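Shown next: entry_6.txt, given as compact mmCIF, C-alpha atoms.
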```txt
# COMPACT_ATOMS: atom_id res chain seq x y z
CA MET A 1 0.00 0.00 0.00
CA THR A 2 1.37 3.38 -1.04
CA GLY A 3 -0.37 6.67 -0.36
CA GLY A 4 -3.14 4.91 1.56
CA ARG A 5 -4.37 2.91 -1.44
CA PRO A 6 -4.05 -0.87 -1.67
CA ARG A 7 -2.09 -1.89 -4.77
CA CYS A 8 -0.67 -5.00 -6.39
CA GLY A 9 2.54 -5.89 -4.57
CA TRP A 10 4.75 -5.57 -7.67
CA ALA A 11 4.07 -1.81 -7.88
CA GLY A 12 6.34 -1.22 -4.87
CA SER A 13 7.02 2.37 -3.86
CA GLU A 14 9.11 3.73 -6.75
CA ALA A 15 7.18 6.67 -8.21
CA GLY A 16 7.45 5.52 -11.82
CA MET A 17 6.26 2.00 -11.02
CA VAL A 18 3.37 3.29 -8.93
CA ALA A 19 2.29 5.70 -11.67
CA TYR A 20 2.50 2.96 -14.31
CA HIS A 21 0.45 0.61 -12.12
CA ASP A 22 -2.13 3.28 -11.32
CA THR A 23 -2.66 4.63 -14.83
CA GLU A 24 -1.61 2.11 -17.49
CA TRP A 25 -1.21 -1.52 -16.46
CA GLY A 26 -4.26 -3.50 -17.44
CA VAL A 27 -5.97 -0.65 -19.31
CA PRO A 28 -7.14 -2.00 -22.69
CA VAL A 29 -5.04 -0.85 -25.66
CA PHE A 30 -6.62 -0.48 -29.11
CA ASP A 31 -4.01 1.63 -30.93
CA ASP A 32 -1.48 -0.24 -33.09
CA ARG A 33 1.41 2.03 -32.12
CA ARG A 34 0.73 1.44 -28.42
CA HIS A 35 0.54 -2.30 -29.09
CA PHE A 36 3.94 -2.09 -30.78
CA GLU A 37 5.35 -0.12 -27.86
CA PHE A 38 4.31 -2.80 -25.37
CA LEU A 39 5.59 -5.59 -27.62
CA VAL A 40 8.96 -3.83 -27.86
CA LEU A 41 9.23 -3.05 -24.16
CA ASP A 42 8.13 -6.52 -23.06
CA GLY A 43 10.60 -8.08 -25.48
CA PHE A 44 13.42 -5.96 -24.06
CA GLN A 45 12.33 -6.88 -20.55
CA ALA A 46 13.25 -10.56 -21.09
CA GLY A 47 15.82 -11.36 -18.42
CA LEU A 48 15.47 -7.93 -16.79
CA SER A 49 13.07 -6.25 -14.38
CA TRP A 50 10.17 -4.12 -15.54
CA ALA A 51 11.44 -1.28 -13.35
CA VAL A 52 14.65 -1.12 -15.44
CA ILE A 53 12.67 -0.98 -18.70
CA LEU A 54 10.22 1.59 -17.34
CA ARG A 55 13.07 3.90 -16.30
CA LYS A 56 14.41 3.72 -19.88
CA ARG A 57 11.01 4.07 -21.58
CA GLU A 58 11.51 7.62 -22.83
CA ALA A 59 14.93 6.68 -24.20
CA PHE A 60 13.35 3.73 -26.00
CA ARG A 61 10.74 6.08 -27.47
CA ALA A 62 13.45 8.36 -28.80
CA ALA A 63 15.61 5.50 -30.05
CA PHE A 64 12.75 3.73 -31.86
CA SER A 65 11.03 6.69 -33.56
CA ASP A 66 8.24 6.95 -30.97
CA PHE A 67 7.41 3.30 -31.72
CA ASP A 68 6.31 4.04 -35.27
CA PRO A 69 6.42 0.59 -36.91
CA VAL A 70 6.77 2.07 -40.41
CA ALA A 71 9.87 4.02 -39.40
CA VAL A 72 11.36 1.19 -37.33
CA SER A 73 10.83 -1.38 -40.09
CA SER A 74 13.14 0.68 -42.32
CA PHE A 75 16.04 0.71 -39.83
CA ALA A 76 19.28 -0.60 -41.35
CA GLU A 77 22.72 -1.66 -40.13
CA ASP A 78 23.71 1.95 -39.34
CA ASP A 79 20.67 2.20 -37.05
CA ILE A 80 21.57 -1.06 -35.34
CA ARG A 81 25.07 0.24 -34.65
CA ARG A 82 23.63 3.55 -33.39
CA LEU A 83 21.29 1.70 -31.04
CA GLN A 84 24.04 -0.58 -29.78
CA ALA A 85 26.04 2.52 -28.87
CA ASP A 86 23.10 4.16 -27.05
CA ALA A 87 23.73 3.66 -23.31
CA SER A 88 20.27 5.02 -22.45
CA ILE A 89 18.55 1.83 -23.73
CA VAL A 90 19.21 -1.91 -23.42
CA ARG A 91 21.88 -2.50 -26.06
CA ASN A 92 21.23 -6.15 -26.83
CA ARG A 93 21.77 -6.65 -30.57
CA LEU A 94 19.37 -9.61 -30.82
CA LYS A 95 16.58 -7.59 -29.20
CA ILE A 96 17.30 -4.58 -31.40
CA GLU A 97 17.20 -6.75 -34.53
CA ALA A 98 14.02 -8.43 -33.30
CA THR A 99 12.36 -5.03 -32.80
CA ILE A 100 13.12 -4.04 -36.40
CA ALA A 101 11.89 -7.40 -37.72
CA ASN A 102 8.78 -7.24 -35.53
CA ALA A 103 7.92 -3.80 -36.90
CA ALA A 104 7.88 -5.26 -40.40
CA ARG A 105 5.84 -8.26 -39.25
CA LEU A 106 3.33 -5.94 -37.55
CA LEU A 107 2.87 -4.13 -40.86
CA ASP A 108 2.25 -7.51 -42.53
CA VAL A 109 -0.43 -8.26 -39.94
CA GLN A 110 -2.04 -4.87 -40.58
CA LYS A 111 -2.27 -5.70 -44.28
CA ALA A 112 -3.85 -9.07 -43.53
CA PHE A 113 -6.28 -8.00 -40.78
CA GLY A 114 -6.77 -4.25 -41.26
CA THR A 115 -5.21 -3.52 -37.87
CA PHE A 116 -2.84 -5.30 -35.53
CA ASP A 117 -5.42 -4.57 -32.83
CA ALA A 118 -8.06 -6.73 -34.57
CA PHE A 119 -5.57 -9.59 -34.88
CA ILE A 120 -4.15 -9.49 -31.37
CA TRP A 121 -7.48 -9.25 -29.55
CA SER A 122 -8.65 -12.40 -31.34
CA PHE A 123 -6.59 -14.42 -28.85
CA THR A 124 -8.99 -13.45 -26.06
CA GLY A 125 -12.12 -13.60 -28.18
CA GLY A 126 -12.13 -9.81 -28.49
CA ARG A 127 -12.66 -9.27 -24.76
CA THR A 128 -10.67 -8.66 -21.60
CA ILE A 129 -10.19 -11.78 -19.49
CA ARG A 130 -11.29 -10.77 -15.99
CA ASN A 131 -9.32 -12.64 -13.37
CA ARG A 132 -9.95 -12.56 -9.64
CA TRP A 133 -6.60 -13.27 -8.02
CA SER A 134 -6.35 -12.65 -4.28
CA SER A 135 -2.54 -12.52 -4.35
CA MET A 136 0.22 -12.06 -6.92
CA ALA A 137 1.38 -15.60 -6.14
CA GLU A 138 -1.73 -16.86 -7.96
CA VAL A 139 -1.02 -14.94 -11.17
CA PRO A 140 0.36 -17.28 -13.85
CA ALA A 141 3.46 -16.52 -15.91
CA ARG A 142 1.77 -17.90 -19.04
CA THR A 143 -1.64 -19.14 -20.08
CA ARG A 144 -3.23 -21.14 -22.87
CA GLU A 145 -4.04 -17.84 -24.62
CA SER A 146 -0.47 -16.54 -24.36
CA GLU A 147 0.84 -19.87 -25.67
CA ARG A 148 -1.48 -19.66 -28.69
CA MET A 149 -0.50 -16.03 -29.26
CA SER A 150 3.20 -16.85 -29.03
CA LYS A 151 2.90 -19.75 -31.46
CA GLU A 152 1.02 -17.65 -34.02
CA LEU A 153 3.29 -14.63 -33.70
CA ARG A 154 6.36 -16.83 -34.16
CA ARG A 155 4.72 -18.51 -37.14
CA ARG A 156 4.34 -15.03 -38.65
CA GLY A 157 8.03 -14.26 -38.08
CA PHE A 158 7.91 -12.28 -34.82
CA ARG A 159 10.82 -12.74 -32.41
CA PHE A 160 11.15 -12.41 -28.62
CA VAL A 161 7.50 -13.38 -28.26
CA GLY A 162 7.60 -16.47 -26.05
CA PRO A 163 4.51 -17.36 -23.99
CA THR A 164 5.77 -15.55 -20.87
CA ILE A 165 6.58 -12.36 -22.81
CA CYS A 166 3.18 -12.62 -24.52
CA TYR A 167 1.43 -12.91 -21.15
CA ALA A 168 3.27 -9.86 -19.77
CA TYR A 169 2.19 -8.04 -22.94
CA MET A 170 -1.43 -9.17 -22.46
CA GLN A 171 -1.36 -7.84 -18.90
CA ALA A 172 0.10 -4.50 -19.98
CA ALA A 173 -2.31 -4.11 -22.91
CA GLY A 174 -5.40 -4.86 -20.83
CA MET A 175 -6.19 -8.13 -22.55
CA VAL A 176 -6.32 -9.57 -19.03
CA ASN A 177 -7.14 -7.86 -15.75
CA ASP A 178 -4.57 -9.28 -13.34
CA HIS A 179 -4.87 -6.64 -10.65
CA THR A 180 -5.46 -8.49 -7.41
CA THR A 181 -8.96 -8.18 -5.99
CA SER A 182 -7.64 -6.15 -3.03
CA CYS A 183 -6.03 -3.60 -5.39
CA PHE A 184 -8.01 -0.39 -5.93
CA ARG A 185 -7.38 -0.69 -9.69
CA HIS A 186 -9.08 -4.08 -10.02
CA ALA A 187 -12.58 -2.60 -10.05
CA GLU A 188 -11.53 0.53 -12.00
CA VAL A 189 -9.89 -1.47 -14.78
CA ARG A 190 -12.82 -3.84 -14.85
CA THR A 191 -15.09 -0.98 -15.94
CA MET A 192 -12.66 -0.22 -18.80
CA ALA A 193 -12.45 -3.82 -19.95
CA ARG A 194 -13.22 -4.67 -23.54
CA ARG A 195 -16.45 -6.63 -23.53
```
Will you turn the file into structure tokens for me?
Amino acid sequence: MTGGRPRCGWAGSEAGMVAYHDTEWGVPVFDDRRHFEFLVLDGFQAGLSWAVILRKREAFRAAFSDFDPVAVSSFAEDDIRRLQADASIVRNRLKIEATIANAARLLDVQKAFGTFDAFIWSFTGGRTIRNRWSSMAEVPARTRESERMSKELRRRGFRFVGPTICYAYMQAAGMVNDHTTSCFRHAEVRTMARR
């Protein structure tokens, strides 16, 4: 509990984490650029803490053209070298290359489905999955839906989209409501859920 409000335990007391928990996590996303942002950030999080990624979020925005998939898909070797030299982001070459490839794959999905949003929400039947966890210990790291999503994204050429990364993405993008029932955001996010 921070500031007198009960929150999910992972939010901790760091101002950036608390703000992210209170305003973004679990709120349904319908904009393709925002989807791409969460895919990128969750991919970079692999092996790291979310707090590290969140602190570097603005640097990621600057480095990856405000998460514009059209711009990112055109990045070339010079851009990869520039990003690997940028100490303000995570400089993992495989993750950088995956981000560029994933931007192109997202554009392919847009051509096939009209929007990435229409495609990605199909994994939850077009609705937010409303969970009722009493503690964070109950929250799974992956689900049947995230496994299906991961398999299909990989089939389409996406990288750094394993089932655990996909589930973290689903949580961030509001495809699931994993706020614990004691958290003040559980009920608030529930009213925002995609039906």
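Within 8 Å of the point (-6.8, -12.4, -16.3), counting only C-alpha atoms, the protein and nucleic acid residues come to A:Thr128, A:Ile129, A:Arg130, A:Asn131, A:Arg132, A:Gln171, A:Met175, A:Val176, A:Asn177, A:Asp178.
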Problem set entry | Nearest-residue call for Phe44 in chain A, choices A:Ser122, A:Leu106, A:Lys111, A:Ala168, using only C-alpha atoms | A:Ala168
Which residues, protein or nucleic acid, reach to within 12 Å of (18.6, -9.2, -29.5) in the file's coordinates when using only C-alpha atoms, and can you give that as an mmCIF file with C-alpha atoms, in the coordinates of the input?
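Contents of point_35.cif, freshly written:
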```cif
data_model
loop_
_atom_site.group_PDB
_atom_site.id
_atom_site.type_symbol
_atom_site.label_atom_id
_atom_site.label_comp_id
_atom_site.auth_asym_id
_atom_site.auth_seq_id
_atom_site.Cartn_x
_atom_site.Cartn_y
_atom_site.Cartn_z
ATOM 1 C CA VAL A 40 8.960 -3.830 -27.860
ATOM 2 C CA GLY A 43 10.600 -8.080 -25.480
ATOM 3 C CA PHE A 44 13.420 -5.960 -24.060
ATOM 4 C CA GLN A 45 12.330 -6.880 -20.550
ATOM 5 C CA ALA A 46 13.250 -10.560 -21.090
ATOM 6 C CA GLY A 47 15.820 -11.360 -18.420
ATOM 7 C CA ILE A 80 21.570 -1.060 -35.340
ATOM 8 C CA LEU A 83 21.290 1.700 -31.040
ATOM 9 C CA GLN A 84 24.040 -0.580 -29.780
ATOM 10 C CA VAL A 90 19.210 -1.910 -23.420
ATOM 11 C CA ARG A 91 21.880 -2.500 -26.060
ATOM 12 C CA ASN A 92 21.230 -6.150 -26.830
ATOM 13 C CA ARG A 93 21.770 -6.650 -30.570
ATOM 14 C CA LEU A 94 19.370 -9.610 -30.820
ATOM 15 C CA LYS A 95 16.580 -7.590 -29.200
ATOM 16 C CA ILE A 96 17.300 -4.580 -31.400
ATOM 17 C CA GLU A 97 17.200 -6.750 -34.530
ATOM 18 C CA ALA A 98 14.020 -8.430 -33.300
ATOM 19 C CA THR A 99 12.360 -5.030 -32.800
ATOM 20 C CA ILE A 100 13.120 -4.040 -36.400
ATOM 21 C CA ALA A 101 11.890 -7.400 -37.720
ATOM 22 C CA ASN A 102 8.780 -7.240 -35.530
ATOM 23 C CA ARG A 159 10.820 -12.740 -32.410
ATOM 24 C CA PHE A 160 11.150 -12.410 -28.620
ATOM 25 C CA VAL A 161 7.500 -13.380 -28.260
#
```
For this session: Pick out the closest residue to Glu138 in chain A from this set: A:Ile165, A:Ala51, A:Thr180, A:Glu152. Count all atoms listed in the file.
Result: A:Thr180
For this session: State, in Å with one decimal place, the distance from CA of Leu107 in chain A to CA of Phe123 in chain A.
Result: 18.4 Å
For this session: Find the residue from A:Ala15, A:Val139, A:Ala103, A:Ala118 that sits nearest to Asp31 in chain A; use only C-alpha atoms when measuring.
Result: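 Using only C-alpha atoms, Asp31 in chain A sits closest to A:Ala118.
Considering the residues A:Gly157, A:Pro6, A:Pro163, A:Gly174 and counting all atoms listed in the file, Val29 in chain A has its shortest atom-to-atom contact with A:Gly174.
The list of residues with at least one atom within 12 Å of Trp121 in chain A, based on only C-alpha atoms and without residues fewer than 3 positions apart in the same chain, reads Pro28, Val29, Phe30, Asp31, Asp32, His35, Phe113, Thr115, Phe116, Asp117, Ala118, Thr124, Gly125, Gly126, Arg127, Thr128, Ile129, Glu145, Ser146, Met149, Tyr169, Met170, Ala173, Gly174, Met175, Val176, Arg194 and Arg195 of chain A.
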For this session: Would you work out the distance separating CA of Ile120 in chain A from CA of Cys166 in chain A, expressed in Å to one decimal?
Result: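 According to the coordinates, CA of Ile120 in chain A and CA of Cys166 in chain A are separated by 10.5 Å.
Distance check against Gly4 in chain A using all atoms listed in the file: of A:Leu54, A:Met17, A:Ala85, A:Cys183, the minimum falls on A:Cys183.
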